[in-house]
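> Got a structure for you, written out below as structure tokens; questions coming shortly.
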Amino acid sequence: MECAGKGSGTRCLGPARKRCGSCGAVSYCSASHQISHWKVHREECERLERQMKNLDLLNDFPFTFSQESTVQISEKQESRCSFLRKRGIHQVGLWVCECHCGASVTSFGNSRLESDTWNLSNILCPCRGPSSPIAKALCSWKDYYEWRCIPLQSPVSLLLHWPLTVYHAIQLAGLGSLTSEISKLRIHYLGPEKELLQLAVFGELHALFPGVFVQIELIGPAVPHHRDGDKIDLHSYAHCIEQDCDCRYKNENASCSIGHASSAVTLQLHRGYYHDRFLDISKDSLPHLVIAPNAGVAAYASWLPTIELIKEINVPAVFSDYCEEACNLAACCINAVTNQPPRLPIQLNPFRQPMVVEDSPLHLPCYSNCFLFAM
């Protein structure tokens with residue numbers, strides 16, 4: 001935990017152990033830093049105090065491991081590494097970048113997909129198509145696990161928050177009914193990082209949007225130079241660890257199907273910023289949706305021309321971030337550019353990653369894709 005007053009003029013005097021007595025969300029190394037930082041913190045203190053009251057709601061997941069992946073990691077009784085190690089998925093397969101000692105995006109290699117394996121038994125992962133289509137819109141992890149017949153001890157939600165957040169964003173943007181009327185769904189996905197090492201999980205979009213060709217353009221500076229322009233066709237779901245499971249014998253040239261409805265998922269990688277690459281990517285048609293997971297809009301000035309572009313093309317855009325405060329700051333930045341409030345107010349994402357971020361700069365629990373809003 002860093003001192004909230006770091007960089008305010010004088011050097012920090014030690015660890016940040018003195019918490020704000022009002023909000024409890026930030027800490028200081030000394031009383032002098034707390035006093036000097038008050039002119040900044042007083043603008044956010046009441047808001048952070050309100051957010052701190054939602055701790056139990058943020059940590060509320062239906063899984064058997066929920067306490068372990070939230071409170072125990074926050075209190076350093078467990079770590080991401082220990083959690084993954086207990087389940088035999090530490091630094092293997094799709095899990096390699098889910099802890100500090102794992103791979104980084106810079107290791108995104110020359111192979112089409114770094115891994116397409118869950119390293120879990122077929123009972124614990126969605127390696128094959130669902131037994132039935134979605135009867136009604138999925139609203140929670142419990143809904144999803146029941147539909148896919150996955151037991152609640154399975155950790156696959158730690159990776160599936162990427163495609164499930166895309167699914168939820170489509171519902172929020174009012175495009176859910178559209179997917180039953182169109183044959184092709186075009187999505188522009190901004191700022192991918194860790195996802196670049198977990199692309200196989202987007203194969204789950206086959207199940208979520210049967211009968212639809214889903215085309216996702218992933219645009220961001222983290223895409224390596226040598227992968228710029230790469231096209232990846234996901235013909236199947238990520239595989240389980242069972243060597244004799246029929247998920248390993250699917251015809252890779254065939255699209256996935258549920259009943260008589262076939263689907264296809266294509267990903268294309270583009271290096272650079274959205275406002276610089278937009279004309280190349282959108283030569284023929286506009287996207288149905290722009291989505292920016294864990295965007296950090298307030299932290300990067302490079303978002304400003306992208307926000308102006310999204311306003312100009314007038315396409316639904318959904319942003320997520322690690323905590324409510326980050327979304328609040330992002331919404332303020334967007335309002336300053338567009339002179340418009342969010343199209344959809346800041347709200348908790350039911351499909352946020354159910355494992356707390358380690359070493360957060362705030363005492364607020366942070367989760368990947370935790371809160372959403374739209375412009």
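Residue numbering restarts at 1 for every chain of the structure tokens, chains are lettered A, B, ... in their displayed order, and ligands are numbered from 1 as they appear.
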Set the distance at 10 Å and use only C-alpha atoms: which residues neighbour stretch 168-181 of chain A once local chain neighbours fewer than 4 positions away are removed? I'd like the list as number ranges by chain.

A: 137-140, 161, 163-164, 185, 187, 209-214, 288-291, 315-320, 343-344, 349-351, 372-375

> If you run DSSP over the backbone, which residues in stretch 5-167 of chain A end up strand (DSSP E)? Put them as a ChimeraX atom specification.

/A:18-19,27-28

> Which polymer residues have any atom within 10 Å of an atom of stretch 302-313 of chain A, counting only C-alpha atoms, with same-chain residues fewer than 5 positions away left out, as number ranges by chain?

A: 190, 273-276, 278, 286-287, 290, 295-297, 330, 333-338, 340, 375

> Go ahead and write the selection's residues with all heavy atoms as a compact mmCIF listing (two decimals), in the first residue's frame.


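Full text of part_9.txt as output:
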```txt
# COMPACT_ATOMS: atom_id res chain seq x y z
N LEU A 190 -10.82 -2.62 -27.16
CA LEU A 190 -9.72 -1.68 -27.02
C LEU A 190 -8.82 -2.01 -25.82
O LEU A 190 -9.29 -2.34 -24.73
CB LEU A 190 -10.26 -0.26 -26.85
CG LEU A 190 -11.33 0.20 -27.85
CD1 LEU A 190 -11.59 1.69 -27.68
CD2 LEU A 190 -10.95 -0.12 -29.28
N TYR A 273 -3.08 2.73 -31.27
CA TYR A 273 -4.23 3.32 -30.60
C TYR A 273 -5.43 3.32 -31.54
O TYR A 273 -5.30 3.44 -32.76
CB TYR A 273 -3.91 4.74 -30.14
CG TYR A 273 -2.85 4.80 -29.07
CD1 TYR A 273 -1.58 5.33 -29.34
CD2 TYR A 273 -3.09 4.31 -27.80
CE1 TYR A 273 -0.61 5.38 -28.36
CE2 TYR A 273 -2.12 4.34 -26.81
CZ TYR A 273 -0.88 4.88 -27.10
OH TYR A 273 0.09 4.90 -26.13
N TYR A 274 -6.60 3.22 -30.94
CA TYR A 274 -7.84 3.10 -31.72
C TYR A 274 -8.01 4.27 -32.68
O TYR A 274 -8.36 4.07 -33.86
CB TYR A 274 -9.03 3.02 -30.77
CG TYR A 274 -10.35 2.69 -31.42
CD1 TYR A 274 -10.47 1.61 -32.29
CD2 TYR A 274 -11.49 3.45 -31.16
CE1 TYR A 274 -11.69 1.28 -32.87
CE2 TYR A 274 -12.71 3.13 -31.73
CZ TYR A 274 -12.81 2.06 -32.59
OH TYR A 274 -14.01 1.74 -33.15
N HIS A 275 -7.76 5.49 -32.23
CA HIS A 275 -7.97 6.65 -33.09
C HIS A 275 -6.99 6.67 -34.27
O HIS A 275 -7.26 7.31 -35.29
CB HIS A 275 -7.85 7.95 -32.28
CG HIS A 275 -6.62 8.04 -31.44
ND1 HIS A 275 -6.58 7.55 -30.15
CD2 HIS A 275 -5.38 8.56 -31.68
CE1 HIS A 275 -5.37 7.77 -29.64
NE2 HIS A 275 -4.63 8.37 -30.55
N ASP A 276 -5.86 5.99 -34.13
CA ASP A 276 -4.90 5.92 -35.25
C ASP A 276 -5.23 4.78 -36.21
O ASP A 276 -4.92 4.88 -37.41
CB ASP A 276 -3.48 5.71 -34.70
CG ASP A 276 -2.96 6.92 -33.93
OD1 ASP A 276 -3.35 8.06 -34.28
OD2 ASP A 276 -2.18 6.73 -32.98
N PHE A 278 -8.39 3.29 -36.61
CA PHE A 278 -9.81 3.14 -36.89
C PHE A 278 -10.13 3.06 -38.38
O PHE A 278 -10.91 2.19 -38.81
CB PHE A 278 -10.60 4.28 -36.26
CG PHE A 278 -12.08 4.25 -36.57
CD1 PHE A 278 -12.91 3.34 -35.95
CD2 PHE A 278 -12.61 5.12 -37.51
CE1 PHE A 278 -14.27 3.29 -36.25
CE2 PHE A 278 -13.97 5.08 -37.82
CZ PHE A 278 -14.78 4.17 -37.19
N LEU A 286 -19.10 0.04 -39.63
CA LEU A 286 -18.85 0.41 -38.24
C LEU A 286 -19.09 -0.80 -37.34
O LEU A 286 -19.83 -1.71 -37.69
CB LEU A 286 -19.78 1.55 -37.83
CG LEU A 286 -19.56 2.91 -38.47
CD1 LEU A 286 -20.66 3.88 -38.05
CD2 LEU A 286 -18.19 3.47 -38.11
N PRO A 287 -18.50 -0.79 -36.15
CA PRO A 287 -18.79 -1.88 -35.21
C PRO A 287 -20.18 -1.73 -34.62
O PRO A 287 -20.74 -0.63 -34.60
CB PRO A 287 -17.71 -1.68 -34.13
CG PRO A 287 -17.46 -0.20 -34.14
CD PRO A 287 -17.55 0.20 -35.59
N VAL A 290 -18.27 -0.97 -29.17
CA VAL A 290 -16.89 -0.77 -28.74
C VAL A 290 -16.83 -1.13 -27.26
O VAL A 290 -17.69 -0.71 -26.48
CB VAL A 290 -16.45 0.70 -28.94
CG1 VAL A 290 -15.06 0.92 -28.35
CG2 VAL A 290 -16.46 1.07 -30.42
N ALA A 295 -10.13 -0.12 -18.60
CA ALA A 295 -9.64 0.92 -19.51
C ALA A 295 -8.62 1.88 -18.88
O ALA A 295 -7.66 2.27 -19.53
CB ALA A 295 -10.82 1.70 -20.07
N GLY A 296 -8.85 2.32 -17.64
CA GLY A 296 -7.95 3.30 -17.05
C GLY A 296 -7.98 4.63 -17.79
O GLY A 296 -6.93 5.24 -18.01
N VAL A 297 -9.17 5.07 -18.18
CA VAL A 297 -9.31 6.29 -18.98
C VAL A 297 -8.66 7.49 -18.32
O VAL A 297 -7.98 8.29 -18.98
CB VAL A 297 -10.81 6.57 -19.26
CG1 VAL A 297 -10.99 7.95 -19.89
CG2 VAL A 297 -11.40 5.50 -20.17
N ALA A 330 -13.02 8.10 -14.71
CA ALA A 330 -13.13 7.94 -16.17
C ALA A 330 -14.35 8.66 -16.71
O ALA A 330 -14.29 9.34 -17.74
CB ALA A 330 -13.18 6.46 -16.53
N CYS A 333 -13.75 12.32 -16.95
CA CYS A 333 -12.90 12.64 -18.11
C CYS A 333 -13.71 12.63 -19.40
O CYS A 333 -13.57 13.52 -20.25
CB CYS A 333 -11.75 11.66 -18.21
SG CYS A 333 -10.51 11.80 -16.92
N ILE A 334 -14.56 11.62 -19.55
CA ILE A 334 -15.37 11.50 -20.75
C ILE A 334 -16.38 12.64 -20.84
O ILE A 334 -16.61 13.22 -21.91
CB ILE A 334 -16.07 10.13 -20.79
CG1 ILE A 334 -15.02 9.03 -21.01
CG2 ILE A 334 -17.14 10.07 -21.89
CD1 ILE A 334 -15.55 7.63 -20.90
N ASN A 335 -16.95 13.00 -19.70
CA ASN A 335 -17.88 14.12 -19.67
C ASN A 335 -17.20 15.42 -20.08
O ASN A 335 -17.79 16.27 -20.77
CB ASN A 335 -18.49 14.26 -18.27
CG ASN A 335 -19.43 15.45 -18.15
OD1 ASN A 335 -19.04 16.51 -17.66
ND2 ASN A 335 -20.66 15.29 -18.62
N ALA A 336 -15.94 15.58 -19.69
CA ALA A 336 -15.20 16.79 -20.06
C ALA A 336 -14.98 16.88 -21.56
O ALA A 336 -14.90 17.98 -22.12
CB ALA A 336 -13.86 16.82 -19.33
N VAL A 337 -14.89 15.73 -22.23
CA VAL A 337 -14.68 15.71 -23.67
C VAL A 337 -15.99 15.81 -24.44
O VAL A 337 -16.10 16.51 -25.44
CB VAL A 337 -13.93 14.42 -24.09
CG1 VAL A 337 -13.82 14.31 -25.61
CG2 VAL A 337 -12.56 14.37 -23.46
N THR A 338 -17.01 15.11 -23.96
CA THR A 338 -18.27 15.00 -24.71
C THR A 338 -19.37 15.94 -24.23
O THR A 338 -20.36 16.11 -24.93
CB THR A 338 -18.81 13.55 -24.61
OG1 THR A 338 -19.14 13.27 -23.24
CG2 THR A 338 -17.77 12.55 -25.10
N GLN A 340 -21.37 15.22 -22.00
CA GLN A 340 -22.52 14.35 -21.79
C GLN A 340 -22.25 13.40 -20.63
O GLN A 340 -21.12 12.93 -20.47
CB GLN A 340 -22.83 13.53 -23.05
CG GLN A 340 -23.24 14.36 -24.25
CD GLN A 340 -23.40 13.51 -25.50
OE1 GLN A 340 -23.02 12.34 -25.53
NE2 GLN A 340 -23.96 14.11 -26.54
N MET A 375 -20.92 5.00 -22.74
CA MET A 375 -21.17 6.28 -23.37
C MET A 375 -21.78 6.05 -24.74
O MET A 375 -21.77 4.94 -25.26
CB MET A 375 -19.87 7.08 -23.52
CG MET A 375 -18.82 6.46 -24.45
SD MET A 375 -17.42 7.54 -24.78
CE MET A 375 -18.14 8.67 -25.96
```

> How would you write, as a ChimeraX atom specification, the set of residues in stretch 32-106 of chain A that DSSP gives as helix (DSSP H, G or I)?

/A:32-41,45-52,55-58,66-69,71-74,80-86,93-95,105-106

> Using only C-alpha atoms, which residues sit within 12 Å of A:Gln34 once same-chain residues fewer than 5 positions away are excluded, as a compact mmCIF listing (two decimals) with N, CA and C atoms, in the first residue's frame?


```txt
# COMPACT_ATOMS: atom_id res chain seq x y z
N CYS A 3 1.70 5.34 0.16
CA CYS A 3 1.19 6.54 0.82
C CYS A 3 0.43 7.38 -0.19
N ALA A 4 -0.81 7.76 0.14
CA ALA A 4 -1.63 8.56 -0.78
C ALA A 4 -1.03 9.93 -1.02
N GLY A 5 -0.18 10.38 -0.09
CA GLY A 5 0.46 11.68 -0.24
C GLY A 5 1.83 11.62 -0.89
N LYS A 6 2.20 10.46 -1.43
CA LYS A 6 3.50 10.31 -2.07
C LYS A 6 3.64 11.29 -3.23
N SER A 8 3.97 14.51 -2.91
CA SER A 8 3.33 15.79 -2.62
C SER A 8 4.33 16.86 -2.19
N THR A 10 7.40 16.31 0.03
CA THR A 10 8.42 15.77 0.93
C THR A 10 8.49 14.25 0.82
N CYS A 12 8.52 10.34 1.71
CA CYS A 12 7.76 9.52 2.66
C CYS A 12 8.68 9.06 3.80
N LEU A 13 8.08 8.97 4.99
CA LEU A 13 8.86 8.67 6.20
C LEU A 13 8.85 7.19 6.57
N ALA A 16 3.09 3.10 4.66
CA ALA A 16 1.80 3.80 4.78
C ALA A 16 0.87 2.99 5.69
N ARG A 17 0.89 3.29 6.96
CA ARG A 17 0.11 2.52 7.93
C ARG A 17 -1.00 3.33 8.59
N LYS A 18 -1.04 4.62 8.31
CA LYS A 18 -2.03 5.50 8.94
C LYS A 18 -3.20 5.71 7.97
N ARG A 19 -4.33 5.06 8.21
CA ARG A 19 -5.48 5.15 7.31
C ARG A 19 -6.31 6.38 7.61
N CYS A 20 -6.96 6.89 6.58
CA CYS A 20 -7.88 8.00 6.75
C CYS A 20 -8.99 7.56 7.70
N GLY A 21 -9.25 8.35 8.73
CA GLY A 21 -10.25 7.98 9.73
C GLY A 21 -11.67 8.08 9.24
N VAL A 26 -7.72 5.09 2.00
CA VAL A 26 -6.34 5.45 1.68
C VAL A 26 -5.51 5.46 2.96
N SER A 27 -4.19 5.34 2.78
CA SER A 27 -3.26 5.32 3.92
C SER A 27 -2.13 6.32 3.69
N TYR A 28 -1.50 6.69 4.80
CA TYR A 28 -0.41 7.67 4.76
C TYR A 28 0.77 7.17 5.59
N CYS A 29 1.94 7.70 5.23
CA CYS A 29 3.15 7.33 5.97
C CYS A 29 3.27 8.15 7.24
N LYS A 39 -6.16 18.59 0.93
CA LYS A 39 -6.77 19.46 -0.09
C LYS A 39 -7.14 18.68 -1.35
N VAL A 40 -6.46 17.57 -1.58
CA VAL A 40 -6.80 16.67 -2.70
C VAL A 40 -7.82 15.64 -2.25
N HIS A 41 -7.57 15.03 -1.11
CA HIS A 41 -8.39 13.91 -0.66
C HIS A 41 -9.81 14.33 -0.26
N ARG A 42 -9.99 15.56 0.19
CA ARG A 42 -11.32 15.97 0.64
C ARG A 42 -12.35 15.94 -0.48
```

> Fewer than 2 positions away in the same chain doesn't count, so skip those; otherwise give me all residues within 8 Å of stretch 230-246 of chain A, counting only C-alpha atoms, as a ChimeraX atom specification.

/A:112,116-122,125-129,200-204,206,227-228,248-250,252-256,264-270

> Give the answer as one residue: which of A:Ser131, A:Ser154, A:Ser74, A:Ser82 has the shortest atom-to-atom distance to A:Ala207, using only C-alpha atoms?

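Looking only at the distances to A:Ala207, the closest residue turns out to be A:Ser131.
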